[in-house]
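Peer 1: Input: one structure, supplied below.
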Amino acid sequence: MQTVETLVSVASPAKEKNNVFKQHPVICLFVIAYAISWSIWGCEIFWGIKIPGFFALAGSSISALIVAFLSGGPSGLKQLGSRMIRWKVGVQWYLLAIFIIPAVCMITLGINGLVNINEMPKIENLALAIPMLLSNILLHFFSEEVGWRGFALPRLKTRYNPLVASLILGFFWGCWHIPYWFIPGSFQTSLPFVGFLALIMAQTVLMTWVSKDSAFLGVVFHAAANTSFALFGVLNNGHPLFWLVVAVQWAITLIVIGLGGLKTEKLTER
């Protein structure tokens, strides 16, 4: 006669095998994140119903919480939370997270000044940098990065090396923005989608290199990137300048890859 313990031990593997959230957590994350965010953006595109943008951005974080719980229960949520608050890393990584994209912007402006391929953009008051950075850190800590760097990237790195994991994440992160091209007046409508996707994929590789296993550093990088692009105005000041930004960022990314910046072992824990 089977004991209760035996029955439980037999049932548990079967239950785990049928748990699609545990078997395919990243796919589930993308599907739910797209469904939430695109539904919110779709309300504005199709019916003119404007819902505060934070809720669309938070689609990935809501998805991450759902999948983390359904795939790992309370311990899954605990692991996700620990990655989001893992801030004890070397100061040099914080400096890189904050200053890589400003460096991209300044190199772009320097090249543009030499060859004059585009009208120089108007640079906003740099005194706004710190408050913008802090507000963006707060925004991305509770929205996008819970899903992308907090949940998806660590799991992708259990199956792929950091470079491949980053390119996969960058592709789906970039495509997640597609509805913006159908919302009149959005920032993305002034940009070519292919170039935006290339920019996002390069940025994802750099974020993986800098953030290591700290999603919080990914938040800082993301916030610094958005702040820098807004202040320097290099993305929406004409396509020649935009493509120069893409080229400069990919040049830096390729240097990092070539120097072995992403040659680390795959993660073994989910």
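Each chain in the structure tokens gets a letter, A, B and so on, in the order shown; residues start at 1 in every chain, and ligands are counted from 1 in the order they appear.
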Might you pull out every residue within 9 Å of Val246 in chain A, with only C-alpha atoms counted and same-chain residues fewer than 2 positions away left off, and present them as a list in words?
Peer 2: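 Neighbouring residues, sequence-local ones excluded: Gly195, Phe196, Ala198, Leu199, Ala202, Leu241, Phe242, Trp243, Leu244, Val248, Gln249, Trp250 and Ala251 of chain A.
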Peer 1: Apply DSSP to the structure's backbone, then extract all residues of range 72-171 of chain A labelled alpha helix (DSSP H) and return them as a ChimeraX atom specification.
Peer 2: /A:72-84,91-115,129-142,144-147,153-156,162-171
Peer 1: Would you compute the distance between CA of Glu144 in chain A and CA of Leu70 in chain A? Give it in Å to one decimal.
Peer 2: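 Computing the Euclidean distance for CA of Glu144 in chain A and CA of Leu70 in chain A yields 19.5 Å.
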Peer 1: Given only C-alpha atoms as the basis, pick out the residue of A:Ile49, A:Leu114, A:Leu57, A:Leu65 nearest to Trp173 in chain A.
Peer 2: A:Leu57
Peer 1: Residues of range 67-168 of chain A within 12 Å of range 174-192 of chain A: nearest atom pair and distance (Å, one decimal) for each, counting only C-alpha atoms, sorted by chain and number, as CSV?
Peer 2:
```
residue,atom,partner,partner_atom,distance
A:Glu144,CA,A:Trp176,CA,10.7
A:Trp148,CA,A:Trp176,CA,11.1
A:Ser166,CA,A:Gly174,CA,11.7
A:Leu167,CA,A:Gly174,CA,10.3
A:Ile168,CA,A:Gly174,CA,10.0
```
Peer 1: Ranking A:Gly260, A:Pro52, A:Gly113, A:Gly59 by minimum distance to Val146 in chain A and counting only C-alpha atoms, which one comes first?
Peer 2: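 Smallest separation from Val146 in chain A among the options: A:Gly59.
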Peer 1: Tell me, in Å to one decimal, how far CA of Ala224 in chain A is from CA of Ser135 in chain A.
Peer 2: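 Distance reported for this atom pair: 10.4 Å.
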Peer 1: Near Ser143 in chain A, counting only C-alpha atoms, which residues have an atom at most 6 Å away, once you skip same-chain residues fewer than 2 positions from it, shown as a VMD selection string?
Peer 2: chain A and resid 57 to 58 61 140 to 141 145
Peer 1: I need the residue nearest Asn19 in chain A from this list: A:Phe99, A:Tyr160, A:Phe171, A:Phe69. Use only C-alpha atoms for the distance.
Peer 2: A:Phe69
Peer 1: Do you have the CA of Asp213 in chain A-CA of Gln23 in chain A distance handy?
Peer 2: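 So the answer is 21.9 Å.
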